[in-house]
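Before any comments, here is the structure.
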Amino acid sequence: MLTVDGLQAGYGHAQVLFDVSLQVNEGELITLMGRNGMGKTTTVRSVMGLLGPRGGRIVFDGKDIHGAAPERVARLGAGLVPEGRQVFPTLTVRENLIATAANRLNRPDPWTLDKVYALFPRMKERAGQMAGTLSGGEQQMLAVGRALMTNPKLLILDEATEGLAPVIRAEIWHVIEQLKAQGQSILLIDKNIAVLKRLADRHYILEKGNVVWSGTGADLDRDAERVHAYVGV
Ligand SMILES: Nc1ncnc2c1ncn2[C@@H]1O[C@H](COP(=O)(O)OP(=O)(O)OP(=O)(O)O)[C@@H](O)[C@H]1O
């Protein structure tokens, strides 16, 4: 589904990513962890075509997307829930959901408003409310719903539950678990090792722009001390 190989990227004179390699296979839930500023968002932005990579290789669904424009990456089926949600504040919940809706890959059973409302009943209750007036947790639900409405082959969540109340976090985790059970491929950035260990297939840890650790949940347990030091939790 997604192969990132030796990715290098940066901003201006500053190189941020030195050697990032990771793989997401079809139907897998893969995590990218690491302390603040280690390059997780930069990796995601490079994959989405929002930042031009300086070296390495990015292959998505069999196509080389190194240096591809963001529209092309989205059209190929990558859906992003960006850090800080970035919902359209002056559109209603319903308008946010339909604004970017598309079934570009002609899925036989595409996401619809009703399906998103079934996943997040709260979005149905607030369908007519301006998105800018939603709570942070509700905005995150909306951002996930909006990404699903693009029927992505790969769903990427940057900071899936950062700054959310525990009860909302649990709700987001539950939804991610359901999506995984439906076969959705997911790349997830978060720091909640205890939950991720249970849900994800494999994990990658970034340290100063390099992947310094990768493994399964069982590997995480074996290497707990090192992993916690890297992730800083
Ligand atoms: N637009 C930018 N211009 C210059 N430097 C940037 C820019 N965006 C990020 N950086 C720098 O790149 C480095 C990696 O940032 P990045 O956002 O990828 O980290 P992160 O691991 O996602 O951390 P966080 O969890 O804080 O978002 C940081 O040192 C950051 O200051």
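As shown in the structure tokens, the chain order sets the letters A, B, ...; within each chain, residues go from 1, and ligands are also counted from 1 in the order they appear.
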Mind listing the residues within 6 Å of ligand 1, only C-alpha atoms and all ligand atoms counted, as a PDB file with C-alpha atoms, in the first residue's frame?
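This went into out-v5.pdb:
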ATOM      1  CA  TYR A  11      12.451  23.240   5.361  1.00  0.00           C
ATOM      2  CA  VAL A  16      14.492  17.442   9.234  1.00  0.00           C
ATOM      3  CA  ASN A  36       7.650  16.274  19.645  1.00  0.00           C
ATOM      4  CA  GLY A  37       9.673  17.697  16.777  1.00  0.00           C
ATOM      5  CA  MET A  38      11.182  14.377  15.668  1.00  0.00           C
ATOM      6  CA  GLY A  39       9.676  14.574  12.173  1.00  0.00           C
ATOM      7  CA  LYS A  40       6.364  12.684  12.292  1.00  0.00           C
ATOM      8  CA  THR A  41       4.290  15.460  10.727  1.00  0.00           C
ATOM      9  CA  THR A  42       7.056  16.171   8.212  1.00  0.00           C
TER      10      THR A  42
END
Fill in: Nearby residues (only C-alpha atoms) at most 9 Å from segment 149-164 of chain A, same-chain spacing under 4 positions excluded, as a ChimeraX atom specification
/A:1-2,24,26-27,40-41,44,61,74-85,97-98,100-107,110-113,116,136-137,140,144-145,168-170,172-173,184-192
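If you look at atom CA of Asp219 of chain A and atom CA of Arg45 of chain A, they are 27.7 Å away from each other.
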Practice prompt. Quote the spacing between atom CA of Asn96 of chain A and atom CA of Arg72 of chain A in Å to one decimal place.
Written response: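 Value for the atom CA of Asn96 of chain A-atom CA of Arg72 of chain A distance: 21.1 Å.
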Item to complete: Have a look at atom CA of Arg122 of chain A and atom CA of Pro108 of chain A and let me know their distance in Å, one decimal.
Response: 26.4 Å
Discussion item. Env of segment 220-230 of chain A: 10 Å cut, atoms = only C-alpha atoms, seq-sep filter 4 positions within chain, self excluded. Answer as a VMD selection string.
Written reply: chain A and resid 33 to 35 38 191 193 to 194 197 202 to 203 205 to 207 212 to 216
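Nearest to Gly67 of chain A of all the residues A:Val195, A:Gly49, A:Gly10, A:Arg126 is A:Gly49, counting only C-alpha atoms.
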Item to complete: Rank A:Gln15, A:Thr3, A:Gln86, A:Thr92 by their smallest atom-to-atom distance to Ala147 of chain A, using only C-alpha atoms, and report the top residue only.
Response: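 Closest candidate: A:Gln86.
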Discussion item. I need the residues in segment 2-158 of chain A that are strand (DSSP E) according to DSSP; give them as an MDAnalysis selection string.
Written reply: chainID A and resid 2:11 14:24 29:33 55:60 63:64 78:81 154:157
Now that the selection is made, can you save its residues with N, CA and C atoms as a tab-separated table (two decimals), in the first residue's frame?
chain	number	residue	atom	x	y	z
A	2	LEU	N	1.71	1.39	1.05
A	2	LEU	CA	2.63	2.54	1.11
A	2	LEU	C	4.04	2.05	1.49
A	3	THR	N	5.01	2.46	0.66
A	3	THR	CA	6.40	2.18	1.00
A	3	THR	C	7.17	3.49	0.98
A	4	VAL	N	7.77	3.82	2.10
A	4	VAL	CA	8.64	4.99	2.20
A	4	VAL	C	10.04	4.43	2.42
A	5	ASP	N	10.97	4.87	1.59
A	5	ASP	CA	12.30	4.26	1.62
A	5	ASP	C	13.39	5.34	1.63
A	6	GLY	N	14.10	5.46	2.73
A	6	GLY	CA	15.21	6.41	2.82
A	6	GLY	C	14.81	7.86	2.60
A	7	LEU	N	13.61	8.21	3.07
A	7	LEU	CA	13.08	9.57	2.83
A	7	LEU	C	13.91	10.64	3.54
A	8	GLN	N	14.23	11.68	2.77
A	8	GLN	CA	14.89	12.87	3.33
A	8	GLN	C	14.02	14.06	2.99
A	9	ALA	N	13.87	14.99	3.94
A	9	ALA	CA	13.06	16.19	3.69
A	9	ALA	C	13.46	17.27	4.68
A	10	GLY	N	13.07	18.50	4.40
A	10	GLY	CA	13.38	19.59	5.31
A	10	GLY	C	12.71	20.87	4.90
A	11	TYR	N	13.02	21.92	5.62
A	11	TYR	CA	12.45	23.24	5.36
A	11	TYR	C	13.62	24.21	5.18
A	14	ALA	N	17.20	23.83	6.70
A	14	ALA	CA	17.17	22.83	7.77
A	14	ALA	C	16.68	21.47	7.26
A	15	GLN	N	17.54	20.48	7.37
A	15	GLN	CA	17.11	19.12	7.04
A	15	GLN	C	16.45	18.51	8.28
A	16	VAL	N	15.25	17.97	8.10
A	16	VAL	CA	14.49	17.44	9.23
A	16	VAL	C	14.43	15.92	9.19
A	17	LEU	N	14.24	15.38	7.99
A	17	LEU	CA	14.23	13.92	7.85
A	17	LEU	C	15.53	13.48	7.18
A	18	PHE	N	16.18	12.48	7.77
A	18	PHE	CA	17.46	12.00	7.24
A	18	PHE	C	17.32	10.63	6.61
A	19	ASP	N	16.59	9.77	7.27
A	19	ASP	CA	16.46	8.40	6.76
A	19	ASP	C	15.20	7.77	7.35
A	20	VAL	N	14.09	7.98	6.65
A	20	VAL	CA	12.83	7.42	7.14
A	20	VAL	C	12.34	6.35	6.16
A	21	SER	N	12.25	5.13	6.66
A	21	SER	CA	11.73	4.03	5.85
A	21	SER	C	10.62	3.35	6.64
A	22	LEU	N	9.50	3.16	5.98
A	22	LEU	CA	8.40	2.44	6.63
A	22	LEU	C	7.49	1.84	5.58
A	23	GLN	N	6.69	0.91	6.02
A	23	GLN	CA	5.79	0.24	5.10
A	23	GLN	C	4.43	0.00	5.75
A	24	VAL	N	3.39	0.27	4.98
A	24	VAL	CA	2.03	-0.06	5.42
A	24	VAL	C	1.46	-1.03	4.38
A	29	LEU	N	-2.79	-1.63	10.38
A	29	LEU	CA	-2.77	-0.41	11.19
A	29	LEU	C	-1.34	-0.25	11.69
A	30	ILE	N	-0.70	0.81	11.22
A	30	ILE	CA	0.71	1.03	11.51
A	30	ILE	C	0.85	2.35	12.27
A	31	THR	N	1.71	2.38	13.28
A	31	THR	CA	1.88	3.63	14.02
A	31	THR	C	3.25	4.25	13.75
A	32	LEU	N	3.26	5.56	13.90
A	32	LEU	CA	4.51	6.32	13.82
A	32	LEU	C	4.57	7.11	15.13
A	33	MET	N	5.58	6.80	15.93
A	33	MET	CA	5.67	7.44	17.25
A	33	MET	C	7.00	8.19	17.38
A	55	GLY	N	15.08	13.43	-0.95
A	55	GLY	CA	15.74	12.19	-1.33
A	55	GLY	C	14.90	11.02	-0.90
A	56	GLY	N	15.22	9.85	-1.42
A	56	GLY	CA	14.49	8.65	-1.05
A	56	GLY	C	13.36	8.37	-2.03
A	57	ARG	N	12.49	7.46	-1.60
A	57	ARG	CA	11.46	6.96	-2.49
A	57	ARG	C	10.14	6.86	-1.73
A	58	ILE	N	9.04	7.26	-2.40
A	58	ILE	CA	7.71	7.06	-1.80
A	58	ILE	C	6.85	6.38	-2.86
A	59	VAL	N	6.37	5.20	-2.56
A	59	VAL	CA	5.52	4.47	-3.51
A	59	VAL	C	4.18	4.22	-2.82
A	60	PHE	N	3.10	4.66	-3.48
A	60	PHE	CA	1.77	4.48	-2.92
A	60	PHE	C	0.92	3.69	-3.90
A	63	LYS	N	2.41	3.12	-7.22
A	63	LYS	CA	2.83	4.26	-8.04
A	63	LYS	C	3.85	5.10	-7.30
A	64	ASP	N	4.87	5.51	-8.05
A	64	ASP	CA	5.90	6.37	-7.49
A	64	ASP	C	5.31	7.77	-7.27
A	78	ALA	N	-5.10	8.63	-0.80
A	78	ALA	CA	-4.58	8.88	0.55
A	78	ALA	C	-5.46	9.95	1.20
A	79	GLY	N	-5.98	9.66	2.38
A	79	GLY	CA	-6.84	10.61	3.09
A	79	GLY	C	-6.20	11.00	4.41
A	80	LEU	N	-6.09	12.29	4.65
A	80	LEU	CA	-5.37	12.78	5.84
A	80	LEU	C	-6.32	13.41	6.85
A	81	VAL	N	-6.14	13.05	8.11
A	81	VAL	CA	-6.73	13.81	9.22
A	81	VAL	C	-5.57	14.60	9.80
A	154	LEU	N	-5.85	4.56	2.01
A	154	LEU	CA	-5.01	4.67	3.21
A	154	LEU	C	-5.46	5.91	3.99
A	155	LEU	N	-5.84	5.70	5.24
A	155	LEU	CA	-6.24	6.80	6.11
A	155	LEU	C	-5.04	7.15	7.00
A	156	ILE	N	-4.65	8.42	6.98
A	156	ILE	CA	-3.51	8.84	7.80
A	156	ILE	C	-4.02	9.80	8.87
A	157	LEU	N	-3.75	9.49	10.12
A	157	LEU	CA	-4.19	10.36	11.22
A	157	LEU	C	-2.97	10.92	11.93
Item to complete: For Leu91 of chain A, please output as a PyMOL selection string all residues within 10 Å (counting only C-alpha atoms; exclusion window: fewer than 2 positions along the same chain).
Response: chain A and resi 87-89+93-97+99+128-132
